[in-house]
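Visitor: Below is the file start.txt, which contains compact mmCIF, C-alpha atoms.
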# COMPACT_ATOMS: atom_id res chain seq x y z
CA MET A 1 73.38 84.78 101.04
CA HIS A 2 77.09 85.37 101.30
CA ALA A 3 79.30 88.38 100.91
CA ARG A 4 79.14 88.27 97.16
CA GLY A 5 75.82 89.87 97.65
CA ARG A 6 72.32 88.95 96.67
CA PRO A 7 70.30 91.02 99.16
CA ARG A 8 66.78 90.23 100.21
CA GLY A 9 64.36 92.56 101.93
CA THR A 10 60.65 93.35 102.48
CA ARG A 11 59.49 92.30 99.08
CA TRP A 12 62.72 90.41 98.86
CA LEU A 13 62.17 88.37 102.05
CA ARG A 14 60.35 85.68 100.14
CA ALA A 15 63.76 84.21 99.46
CA PHE A 16 64.18 83.38 103.16
CA ALA A 17 60.97 81.39 103.26
CA VAL A 18 61.64 79.30 100.18
CA LEU A 19 63.67 76.12 100.26
CA PRO A 20 66.51 75.99 97.75
CA LEU A 21 65.07 75.34 94.31
CA LEU A 22 66.32 72.70 91.98
CA ALA A 23 68.30 74.22 89.15
CA SER A 24 66.72 74.45 85.76
CA VAL A 25 69.30 72.34 84.00
CA LEU A 26 67.49 71.76 80.74
CA ALA A 27 68.10 74.63 78.36
CA ALA A 28 65.44 75.86 76.01
CA CYS A 29 65.90 75.04 72.37
CA GLY A 30 68.12 77.29 70.31
CA SER A 31 65.16 78.56 68.32
CA ASP A 32 61.40 78.37 68.64
CA GLU A 33 59.90 75.53 66.65
CA GLY A 34 58.79 76.86 63.30
CA SER A 35 59.15 80.52 64.18
CA GLY A 36 62.80 81.03 63.32
CA THR A 37 63.19 83.38 66.30
CA PRO A 38 66.36 82.57 68.28
CA THR A 39 65.91 81.94 72.00
CA LEU A 40 68.81 83.24 74.07
CA ASN A 41 69.32 81.27 77.26
CA TRP A 42 70.21 83.47 80.23
CA TYR A 43 71.53 81.62 83.27
CA ASN A 44 71.45 83.57 86.51
CA PHE A 45 70.80 83.22 90.23
CA PRO A 46 67.19 82.45 91.22
CA ASP A 47 65.28 85.70 91.72
CA ASP A 48 62.00 85.47 93.64
CA SER A 49 60.93 89.07 93.05
CA GLY A 50 60.16 88.67 89.36
CA ALA A 51 62.55 91.48 88.37
CA LEU A 52 64.81 89.26 86.25
CA GLN A 53 61.90 87.67 84.42
CA LYS A 54 60.53 91.16 83.69
CA ALA A 55 63.89 92.17 82.23
CA ALA A 56 63.98 89.08 80.01
CA ASP A 57 60.44 89.72 78.76
CA ARG A 58 61.07 93.43 78.15
CA CYS A 59 64.23 92.83 76.17
CA GLY A 60 62.64 90.15 74.04
CA GLN A 61 59.77 92.51 73.22
CA ALA A 62 62.14 95.41 72.55
CA SER A 63 64.10 93.31 70.05
CA GLY A 64 61.21 93.50 67.61
CA GLY A 65 61.06 89.75 67.22
CA ARG A 66 64.78 89.24 66.54
CA TYR A 67 65.22 87.17 69.71
CA ARG A 68 63.55 85.92 72.85
CA ILE A 69 65.26 85.51 76.23
CA SER A 70 64.67 82.46 78.42
CA TYR A 71 65.62 83.13 82.06
CA ASN A 72 67.01 79.89 83.51
CA LYS A 73 67.44 79.77 87.28
CA LEU A 74 70.70 78.42 88.64
CA PRO A 75 71.00 76.85 92.13
CA ARG A 76 70.75 79.23 95.09
CA ALA A 77 74.25 78.61 96.43
CA ALA A 78 77.07 80.30 94.53
CA ASP A 79 79.14 77.10 94.53
CA GLY A 80 76.27 75.24 92.87
CA GLN A 81 75.87 78.00 90.29
CA ARG A 82 79.52 77.88 89.35
CA GLN A 83 79.64 74.10 89.28
CA GLN A 84 76.71 73.82 86.88
CA MET A 85 78.12 76.39 84.47
CA VAL A 86 81.68 75.02 84.64
CA ARG A 87 80.53 71.52 83.77
CA ARG A 88 78.44 72.63 80.85
CA LEU A 89 81.02 75.04 79.47
CA ALA A 90 83.75 72.41 79.76
CA ALA A 91 81.51 70.24 77.58
CA GLU A 92 81.20 73.14 75.08
CA ASP A 93 77.43 73.25 75.56
CA ASP A 94 76.09 75.65 72.91
CA SER A 95 72.73 76.16 74.64
CA LEU A 96 74.27 78.66 77.07
CA ASP A 97 74.25 82.24 75.78
CA ILE A 98 74.28 84.83 78.61
CA LEU A 99 75.90 83.90 81.92
CA GLY A 100 75.35 85.56 85.28
CA LEU A 101 78.79 85.33 86.88
CA ASP A 102 79.64 86.00 90.49
CA VAL A 103 82.08 88.90 90.61
CA THR A 104 84.97 86.52 91.36
CA TRP A 105 84.56 84.26 88.30
CA ALA A 106 85.35 86.38 85.22
CA ALA A 107 89.11 85.76 85.35
CA GLU A 108 88.69 82.01 85.68
CA PHE A 109 86.14 81.78 82.87
CA ALA A 110 88.18 84.08 80.62
CA GLU A 111 91.39 82.13 81.18
CA ALA A 112 89.53 78.93 80.30
CA ARG A 113 88.25 80.67 77.13
CA TRP A 114 84.64 80.03 78.07
CA ILE A 115 83.49 83.64 77.65
CA ARG A 116 83.94 86.21 74.90
CA GLU A 117 85.78 89.50 75.15
CA TRP A 118 83.67 92.67 74.90
CA THR A 119 84.96 94.95 72.13
CA GLY A 120 83.89 97.85 69.93
CA ALA A 121 80.50 99.48 70.39
CA ALA A 122 79.30 96.84 72.85
CA LYS A 123 82.29 97.53 75.11
CA ARG A 124 81.78 101.30 74.92
CA GLN A 125 78.14 100.92 75.90
CA ALA A 126 79.02 98.50 78.71
CA VAL A 127 81.56 100.88 80.23
CA GLU A 128 79.61 104.13 79.82
CA GLY A 129 78.15 105.37 83.11
CA THR A 130 79.18 102.22 84.99
CA LEU A 131 80.66 102.54 88.47
CA ARG A 132 84.44 102.13 88.38
CA VAL A 133 84.91 99.52 91.14
CA PRO A 134 82.25 97.04 89.92
CA LEU A 135 83.74 97.37 86.45
CA ARG A 136 87.08 96.11 87.76
CA THR A 137 85.52 92.71 88.50
CA SER A 138 84.83 92.24 84.75
CA ILE A 139 88.39 92.88 83.56
CA TRP A 140 91.13 90.28 83.14
CA LYS A 141 94.56 91.06 81.68
CA GLY A 142 93.35 94.45 80.54
CA LYS A 143 90.37 93.10 78.58
CA LEU A 144 86.66 93.36 79.35
CA TYR A 145 84.96 89.98 79.64
CA ALA A 146 81.62 90.88 81.24
CA VAL A 147 79.34 93.79 82.06
CA PRO A 148 78.36 94.57 85.69
CA TYR A 149 74.67 93.78 86.23
CA ASN A 150 74.29 94.56 89.92
CA THR A 151 76.55 95.20 92.88
CA ASN A 152 76.44 95.19 96.68
CA THR A 153 78.35 96.44 99.68
CA GLN A 154 78.13 96.33 103.45
CA LEU A 155 77.33 99.15 105.84
CA LEU A 156 77.49 99.40 109.62
CA TRP A 157 74.00 98.97 111.11
CA TYR A 158 73.47 99.95 114.73
CA ARG A 159 70.89 100.71 117.41
CA LYS A 160 70.60 104.42 118.10
CA ASP A 161 69.01 103.80 121.51
CA LEU A 162 72.25 102.07 122.54
CA VAL A 163 74.76 104.00 120.42
CA PRO A 164 73.83 107.70 119.97
CA THR A 165 76.89 108.30 117.76
CA PRO A 166 78.18 105.44 115.58
CA PRO A 167 81.86 104.46 115.80
CA ARG A 168 84.23 105.53 113.03
CA THR A 169 86.82 102.82 113.62
CA TRP A 170 86.99 99.18 114.65
CA ALA A 171 88.76 100.16 117.87
CA GLU A 172 85.95 102.58 118.76
CA MET A 173 83.32 99.94 118.01
CA LEU A 174 84.94 97.32 120.22
CA ASP A 175 85.30 99.90 123.02
CA MET A 176 81.61 100.81 122.73
CA ALA A 177 80.60 97.14 122.72
CA GLY A 178 82.69 96.54 125.84
CA ALA A 179 81.08 99.49 127.64
CA LEU A 180 77.59 98.23 126.76
CA ALA A 181 78.51 94.75 128.02
CA ARG A 182 79.63 96.18 131.37
CA GLN A 183 76.24 97.91 131.63
CA GLY A 184 74.42 94.66 130.95
CA LYS A 185 72.98 95.97 127.68
CA PRO A 186 72.84 94.33 124.23
CA HIS A 187 76.36 94.63 122.88
CA PHE A 188 77.24 92.03 120.25
CA VAL A 189 78.88 92.95 116.93
CA GLU A 190 77.26 90.71 114.32
CA ILE A 191 79.54 89.72 111.43
CA GLN A 192 80.26 86.73 109.20
CA GLY A 193 82.61 84.38 111.08
CA ALA A 194 81.78 80.99 109.57
CA GLN A 195 84.27 79.10 107.42
CA TYR A 196 83.03 80.28 104.02
CA GLU A 197 83.30 83.09 101.49
CA GLY A 198 81.96 85.69 103.93
CA LEU A 199 84.99 85.22 106.17
CA THR A 200 87.29 85.80 103.18
CA ALA A 201 85.37 88.98 102.32
CA TRP A 202 85.75 90.25 105.90
CA PHE A 203 89.52 89.70 105.78
CA ASN A 204 89.73 91.28 102.32
CA THR A 205 87.87 94.36 103.56
CA LEU A 206 90.15 94.79 106.55
CA ILE A 207 93.41 94.26 104.67
CA ASN A 208 92.39 96.76 101.97
CA SER A 209 91.18 99.21 104.63
CA ALA A 210 94.64 98.93 106.23
CA GLY A 211 96.30 99.87 102.94
CA GLY A 212 97.22 96.40 101.71
CA SER A 213 95.90 93.63 99.49
CA ILE A 214 95.84 89.84 99.32
CA LEU A 215 97.61 89.68 95.92
CA ASN A 216 100.04 92.03 94.20
CA ALA A 217 98.84 94.33 91.41
CA SER A 218 99.56 91.78 88.67
CA ALA A 219 97.91 88.93 90.64
CA THR A 220 101.10 86.88 90.29
CA ALA A 221 102.08 86.61 93.98
CA PRO A 222 100.65 87.13 97.45
CA SER A 223 101.06 90.63 98.85
CA LEU A 224 99.73 90.49 102.44
CA GLY A 225 102.47 91.94 104.72
CA PRO A 226 101.82 94.17 107.77
CA PRO A 227 98.28 95.18 106.66
CA ALA A 228 97.31 91.49 106.61
CA VAL A 229 98.67 90.97 110.12
CA ARG A 230 96.66 93.98 111.31
CA ALA A 231 93.53 92.62 109.62
CA ALA A 232 93.94 89.19 111.18
CA GLY A 233 94.56 90.85 114.55
CA ILE A 234 91.31 92.81 114.39
CA MET A 235 89.39 89.63 113.60
CA ARG A 236 90.97 87.83 116.55
CA ASP A 237 90.43 90.81 118.87
CA LEU A 238 86.72 90.85 118.09
CA ALA A 239 86.42 87.08 118.55
CA LYS A 240 88.06 87.24 121.97
CA SER A 241 86.16 90.31 123.18
CA PRO A 242 82.74 90.69 124.84
CA ALA A 243 81.54 91.97 121.43
CA ALA A 244 81.69 88.47 119.96
CA ASP A 245 78.41 86.63 119.55
CA PRO A 246 78.92 83.08 120.92
CA SER A 247 77.73 81.85 117.51
CA LEU A 248 80.39 83.84 115.61
CA PRO A 249 82.24 80.76 114.23
CA ASN A 250 79.01 79.56 112.59
CA GLN A 251 77.46 82.83 111.50
CA MET A 252 76.64 83.97 107.98
CA GLU A 253 74.70 87.03 106.82
CA ASP A 254 71.26 85.68 107.63
CA GLN A 255 72.23 84.55 111.14
CA ASN A 256 73.59 88.09 111.68
CA ARG A 257 70.26 89.54 110.55
CA LEU A 258 68.26 87.29 112.87
CA ALA A 259 70.50 88.05 115.86
CA MET A 260 70.13 91.79 115.33
CA GLU A 261 66.37 91.47 114.99
CA SER A 262 66.20 89.43 118.21
CA GLY A 263 67.62 92.37 120.18
CA VAL A 264 70.91 90.87 121.45
CA ALA A 265 73.23 93.00 119.31
CA ALA A 266 74.21 96.66 119.14
CA PHE A 267 76.07 96.51 115.80
CA GLU A 268 75.86 94.57 112.55
CA LEU A 269 78.11 94.55 109.48
CA ASN A 270 75.86 93.48 106.66
CA TYR A 271 74.20 94.23 103.33
CA PRO A 272 71.19 96.57 102.90
CA PHE A 273 68.69 93.70 102.85
CA VAL A 274 68.68 93.89 106.66
CA TYR A 275 66.88 97.25 106.62
CA PRO A 276 63.54 96.20 105.12
CA SER A 277 63.84 92.92 107.01
CA MET A 278 64.05 94.74 110.36
CA LYS A 279 61.15 96.95 109.32
CA ALA A 280 58.98 93.92 108.59
CA ASN A 281 60.05 91.66 111.46
CA ASN A 282 60.63 93.99 114.43
CA PRO A 283 58.90 97.37 113.87
CA GLU A 284 59.61 98.46 117.45
CA LEU A 285 63.36 97.91 117.14
CA PHE A 286 63.26 99.37 113.63
CA LYS A 287 62.52 102.80 115.17
CA ASN A 288 66.11 102.89 116.42
CA PHE A 289 67.74 100.99 113.53
CA ARG A 290 70.32 103.20 111.82
CA TRP A 291 73.21 102.91 109.39
CA ALA A 292 76.69 104.43 109.06
CA PRO A 293 79.82 103.91 106.94
CA TYR A 294 81.75 100.68 107.42
CA PRO A 295 84.23 101.13 110.31
CA ARG A 296 87.75 102.17 109.42
CA VAL A 297 90.94 100.40 110.42
CA ASP A 298 92.79 103.74 110.60
CA ALA A 299 90.91 106.91 111.54
CA ASN A 300 92.52 108.86 108.68
CA ARG A 301 91.93 106.23 105.94
CA PRO A 302 88.44 105.41 104.54
CA ALA A 303 87.25 101.84 104.87
CA ARG A 304 87.21 99.78 101.69
CA PRO A 305 84.37 97.27 102.03
CA THR A 306 84.42 94.33 99.64
CA ILE A 307 81.79 94.43 96.90
CA GLY A 308 79.58 91.62 95.70
CA GLY A 309 77.31 91.34 92.70
CA ILE A 310 76.75 89.70 89.35
CA ASP A 311 78.42 90.33 85.97
CA LEU A 312 76.88 89.27 82.64
CA ALA A 313 79.12 87.42 80.19
CA VAL A 314 78.55 85.91 76.75
CA SER A 315 79.39 82.23 76.36
CA ALA A 316 82.15 81.37 73.90
CA TYR A 317 79.89 78.58 72.60
CA SER A 318 76.75 80.65 72.02
CA ARG A 319 75.29 80.21 68.52
CA TYR A 320 74.10 83.84 68.62
CA PRO A 321 76.96 85.88 70.11
CA ASP A 322 76.03 89.20 68.50
CA LEU A 323 72.45 88.94 69.75
CA ALA A 324 73.71 87.80 73.16
CA PHE A 325 75.90 90.91 73.56
CA GLU A 326 72.96 93.11 72.57
CA ALA A 327 70.60 91.30 74.94
CA ALA A 328 73.05 91.46 77.86
CA LEU A 329 73.26 95.24 77.47
CA CYS A 330 69.46 95.43 77.43
CA LEU A 331 69.14 93.25 80.55
CA ARG A 332 71.27 95.70 82.54
CA ASN A 333 69.97 98.95 81.06
CA ARG A 334 68.62 101.78 83.21
CA GLU A 335 65.02 100.56 83.31
CA ASN A 336 65.90 96.99 84.18
CA GLN A 337 68.49 97.93 86.81
CA LEU A 338 65.97 100.23 88.46
CA THR A 339 63.39 97.42 88.53
CA ALA A 340 65.98 95.03 89.96
CA ALA A 341 66.80 97.59 92.66
CA LEU A 342 63.21 98.43 93.62
CA GLU A 343 61.74 94.94 93.38
CA GLY A 344 64.72 92.64 93.80
CA GLY A 345 66.87 94.65 96.20
CA LEU A 346 69.92 94.67 93.94
CA PRO A 347 72.00 97.88 94.10
CA PRO A 348 72.65 99.14 90.55
CA THR A 349 75.97 99.52 88.78
CA LEU A 350 74.91 102.57 86.75
CA ARG A 351 76.01 105.73 88.57
CA ALA A 352 73.03 107.81 87.38
CA LEU A 353 70.51 105.61 89.17
CA TYR A 354 71.81 106.75 92.56
CA ASP A 355 70.22 110.15 91.79
CA GLU A 356 66.90 108.57 90.76
CA PRO A 357 64.11 109.73 93.16
CA ALA A 358 62.37 106.34 93.18
CA PHE A 359 65.61 104.60 94.10
CA MET A 360 66.51 107.15 96.77
CA LYS A 361 63.09 106.75 98.36
CA GLU A 362 63.34 102.96 98.50
CA TYR A 363 66.98 103.14 99.63
CA PRO A 364 67.22 105.94 102.22
CA PHE A 365 70.86 104.85 102.60
CA SER A 366 71.59 105.16 98.85
CA LYS A 367 74.18 107.93 99.28
CA ASP A 368 76.06 105.87 101.85
CA VAL A 369 75.96 102.84 99.55
CA LEU A 370 77.32 104.95 96.68
CA THR A 371 80.08 106.40 98.85
CA ALA A 372 81.04 102.91 99.97
CA LEU A 373 81.05 101.64 96.38
CA GLU A 374 83.27 104.47 95.21
CA SER A 375 85.98 103.57 97.74
CA ALA A 376 85.27 99.82 97.82
CA SER A 377 87.66 96.94 97.22
CA VAL A 378 87.28 93.86 95.05
CA ARG A 379 88.34 90.36 95.92
CA PRO A 380 91.58 89.12 94.30
CA ILE A 381 91.12 88.92 90.53
CA THR A 382 92.70 85.62 89.54
CA PRO A 383 91.63 82.41 87.79
CA VAL A 384 92.44 80.49 90.98
CA TYR A 385 90.27 82.66 93.23
CA GLN A 386 88.44 79.62 94.60
CA ASN A 387 91.68 78.26 96.05
CA VAL A 388 92.70 81.69 97.36
CA SER A 389 89.38 82.03 99.17
CA ILE A 390 89.65 78.54 100.68
CA ALA A 391 93.17 79.28 101.91
CA VAL A 392 91.93 82.40 103.70
CA SER A 393 88.67 81.08 105.16
CA HIS A 394 90.12 77.77 106.38
CA THR A 395 93.16 79.40 107.98
CA LEU A 396 91.16 82.11 109.75
CA SER A 397 88.45 79.80 111.09
CA PRO A 398 87.52 80.01 113.87
CA PRO A 399 88.40 83.69 114.32
CA SER A 400 89.22 83.13 118.01
CA GLY A 401 92.02 80.77 116.96
CA ILE A 402 93.78 83.30 114.73
CA LYS A 403 97.48 83.88 115.42
CA PRO A 404 98.03 86.95 113.26
CA GLU A 405 101.61 86.46 112.09
CA SER A 406 101.62 82.67 111.74
CA SER A 407 98.11 82.61 110.23
CA VAL A 408 99.16 85.15 107.59
CA ASN A 409 102.28 83.09 106.84
CA THR A 410 100.09 80.02 106.30
CA ILE A 411 97.80 81.95 103.97
CA ARG A 412 100.82 83.26 102.04
CA GLU A 413 102.21 79.76 101.53
CA GLN A 414 98.88 78.31 100.42
CA ILE A 415 98.16 81.17 98.01
CA ASP A 416 101.65 80.84 96.56
CA ASP A 417 100.95 77.16 95.89
CA ALA A 418 97.56 78.00 94.33
CA LEU A 419 99.04 80.60 91.98
CA ARG A 420 101.62 78.08 90.75
CA SER A 421 98.95 75.47 90.01
CA GLU A 422 97.46 75.07 86.57
CA GLY A 423 94.03 74.19 85.27
CA VAL A 424 90.50 74.93 86.35
CA ILE A 425 89.58 74.41 89.98
CA PRO A 426 86.93 71.65 90.27
Could I get this structure in the form of structure tokens?
Guide:
Amino acid sequence: MHARGRPRGTRWLRAFAVLPLLASVLAACGSDEGSGTPTLNWYNFPDDSGALQKAADRCGQASGGRYRISYNKLPRAADGQRQQMVRRLAAEDDSLDILGLDVTWAAEFAEARWIREWTGAAKRQAVEGTLRVPLRTSIWKGKLYAVPYNTNTQLLWYRKDLVPTPPRTWAEMLDMAGALARQGKPHFVEIQGAQYEGLTAWFNTLINSAGGSILNASATAPSLGPPAVRAAGIMRDLAKSPAADPSLPNQMEDQNRLAMESGVAAFELNYPFVYPSMKANNPELFKNFRWAPYPRVDANRPARPTIGGIDLAVSAYSRYPDLAFEAALCLRNRENQLTAALEGGLPPTLRALYDEPAFMKEYPFSKDVLTALESASVRPITPVYQNVSIAVSHTLSPPSGIKPESSVNTIREQIDDALRSEGVIP
């Protein structure tokens, strides 16, 4: 899993034990032989909990026989998911109807005219009750091109036996880690330092928490500036401090989880899937496993962690667009989002579900997740996001080699080149 966010936990841990599945590349037929009932093909990430299949079955039944939904599993890795859909959409494949897009893809797919705009009653229903920040990931040039299906955000996880009071800022956390190191106690800060999307998300969180952004408001030029230099400096400071896990340059979310569960760390910046995982894998350590808001860059400014998640879009080539819009709304309705949260570990995008007793019981940190989501940041919304992300993650890897001012200058130059380029990124 990467920072875009597909959490896995107790019931959700099956995902860790399963080798990546081959994608289901053959679409179901457009209609059932002889029945005349259209089959809508929904392409989404592979869910091992059964929650997505339940949603597909429920919506087909609720349609009263007007359509069926076939849930087709994409590859596990986000890059593989995007590649499969891009190739088929570029070929104008009309067997794709509903698309599960990573939160960074809507602009690219909209600009390529591969997905349909949401308008009228469907748009009103999509927007109603939906959390504001996840909704931003579905909008390009002022138009809605998808509906948020699930979301995700990081919290600070820590050991209460080592840290009675959690740090509020990055500076406090590094100071605490240093003090623990001098005492010979577990002290690492586990975070995503490998050269991949997670590193970009870390930088994006820090720059937004410092009051800046990677791109300007119109997504036409890099913004960066002093907040970016501060963000890069914090990443370097961690990498060069006793708080850094020696494996930092190779670590992703799951390596962070395993390190925390092994007992070598005091802090972890990660998604909520780590909570049920700790409960299942190290019950003794779980007794002191706690959570707190993501650390701030400035004490007087709330942190703005980067959200992940999936948005549902309707293919421009679908033979049944009206049914596809209706089905997409059903797939992310209250009942199906609650099932996805309880069984699949996917935080909902409907605000009302955060007051649902069943959800609050399963997610004892639900209020903290909601607070984080309400002040969260999104990754740069641009059709060339893939190139922007590569520019950031390659320049800032390894974190110990960051030179804040020159690294930010390099990122600025590469993003400027990416924004001037044309066409779809391969």
Visitor: When you look at Ala341 of chain A with a cut-off of 9 Å (counting only C-alpha atoms), what residues show up, excluding the ones that are within fewer than 5 positions of it in the same chain? I need them as an MDAnalysis selection string.
Guide: chainID A and resid 51 150 336 346:348 359 362:363
Visitor: Between A:Leu373, A:Leu419, A:Leu285, A:Val408, which residue has the minimum interatomic distance to Leu224 of chain A, considering only C-alpha atoms?
Guide: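 Checking each candidate against Leu224 of chain A, we get A:Val408 as the closest.
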Visitor: Which residues of segment 131-234 of chain A sit at most 7 Å from segment 302-313 of chain A, using only C-alpha atoms? Give each one's shortest atom pair and distance in Å (one decimal place), in chain and ascending residue order, as a Markdown table.
Guide:
| residue | atom | partner | partner_atom | distance |
| --- | --- | --- | --- | --- |
| A:Ser138 | CA | A:Asp311 | CA | 6.8 |
| A:Tyr145 | CA | A:Ala313 | CA | 6.4 |
| A:Ala146 | CA | A:Ala313 | CA | 4.4 |
| A:Val147 | CA | A:Leu312 | CA | 5.2 |
| A:Pro148 | CA | A:Asp311 | CA | 4.2 |
| A:Tyr149 | CA | A:Asp311 | CA | 5.1 |
| A:Asn150 | CA | A:Gly309 | CA | 5.2 |
| A:Thr151 | CA | A:Gly309 | CA | 3.9 |
| A:Asn152 | CA | A:Gly308 | CA | 4.9 |
| A:Thr153 | CA | A:Ile307 | CA | 4.9 |
| A:Gln154 | CA | A:Pro305 | CA | 6.5 |
| A:Ala201 | CA | A:Thr306 | CA | 6.1 |
| A:Asn204 | CA | A:Thr306 | CA | 6.7 |
| A:Thr205 | CA | A:Pro305 | CA | 4.8 |
| A:Asn208 | CA | A:Arg304 | CA | 6.0 |
| A:Ser209 | CA | A:Ala303 | CA | 4.7 |
Visitor: What is the distance between atom CA of Val229 of chain A and atom CA of Glu405 of chain A, in Å to one decimal?
Guide: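 Between atom CA of Val229 of chain A and atom CA of Glu405 of chain A the gap is 5.7 Å.
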Visitor: How many Å lie between atom CA of Ala352 of chain A and atom CA of Val127 of chain A, rounded to one decimal?
Guide: 13.1 Å
Visitor: Could you check which of A:Ala56, A:Ala376, A:Thr39, A:Pro321 is closest to Ala340 of chain A, using only C-alpha atoms?
Guide: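 With only C-alpha atoms as the atom set, the closest residue is A:Ala56.
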Visitor: Against segment 165-175 of chain A, which residues of segment 254-275 of chain A fall within 12 Å? For each one I want the closest pair of atoms and the distance in Å (one decimal), counting all atoms listed in the file, rows by chain and increasing residue number, as a tab-separated table.
Guide:
residue	atom	partner	partner_atom	distance
A:Ala266	CA	A:Met173	CA	9.7
A:Phe267	CA	A:Met173	CA	8.3
A:Glu268	CA	A:Met173	CA	10.7
A:Leu269	CA	A:Trp170	CA	11.3
Visitor: With N, CA and C atoms as the goal, would you fill in the gaps in segment 32-51 of chain A and present it as a compact mmCIF listing (two decimals), in the coordinates of the input?
Guide:
# COMPACT_ATOMS: atom_id res chain seq x y z
N ASP A 32 62.77 78.83 68.47
CA ASP A 32 61.40 78.37 68.64
C ASP A 32 60.97 77.56 67.44
N GLU A 33 60.32 76.45 67.71
CA GLU A 33 59.90 75.53 66.65
C GLU A 33 59.07 76.26 65.61
N GLY A 34 59.56 76.32 64.40
CA GLY A 34 58.79 76.86 63.30
C GLY A 34 58.79 78.37 63.20
N SER A 35 59.25 79.06 64.23
CA SER A 35 59.15 80.52 64.18
C SER A 35 60.42 81.16 63.63
N GLY A 36 61.54 80.48 63.78
CA GLY A 36 62.80 81.03 63.32
C GLY A 36 63.37 82.10 64.23
N THR A 37 62.71 82.37 65.36
CA THR A 37 63.19 83.38 66.30
C THR A 37 64.14 82.74 67.30
N PRO A 38 65.41 83.16 67.34
CA PRO A 38 66.36 82.57 68.28
C PRO A 38 65.92 82.81 69.73
N THR A 39 66.10 81.80 70.56
CA THR A 39 65.91 81.94 72.00
C THR A 39 67.27 81.98 72.66
N LEU A 40 67.55 83.08 73.35
CA LEU A 40 68.81 83.24 74.07
C LEU A 40 68.61 82.75 75.49
N ASN A 41 69.42 81.83 75.92
CA ASN A 41 69.32 81.27 77.26
C ASN A 41 70.20 82.06 78.24
N TRP A 42 69.54 82.68 79.20
CA TRP A 42 70.21 83.47 80.23
C TRP A 42 70.21 82.67 81.51
N TYR A 43 71.39 82.36 82.02
CA TYR A 43 71.53 81.62 83.27
C TYR A 43 71.97 82.59 84.37
N ASN A 44 71.16 82.63 85.43
CA ASN A 44 71.45 83.57 86.51
C ASN A 44 70.92 83.00 87.82
N PHE A 45 71.28 83.66 88.92
CA PHE A 45 70.80 83.22 90.23
C PHE A 45 69.27 83.26 90.28
N PRO A 46 68.65 82.46 91.14
CA PRO A 46 67.19 82.45 91.22
C PRO A 46 66.66 83.69 91.93
N ASP A 47 65.85 84.45 91.21
CA ASP A 47 65.28 85.70 91.72
C ASP A 47 63.80 85.47 92.01
N ASP A 48 63.39 85.70 93.25
CA ASP A 48 62.00 85.47 93.64
C ASP A 48 61.11 86.70 93.46
N SER A 49 61.72 87.83 93.14
CA SER A 49 60.93 89.07 93.05
C SER A 49 60.24 89.23 91.70
N GLY A 50 60.71 88.52 90.70
CA GLY A 50 60.16 88.67 89.36
C GLY A 50 60.89 89.71 88.52
N ALA A 51 61.86 90.40 89.09
CA ALA A 51 62.55 91.48 88.37
C ALA A 51 63.35 90.94 87.19
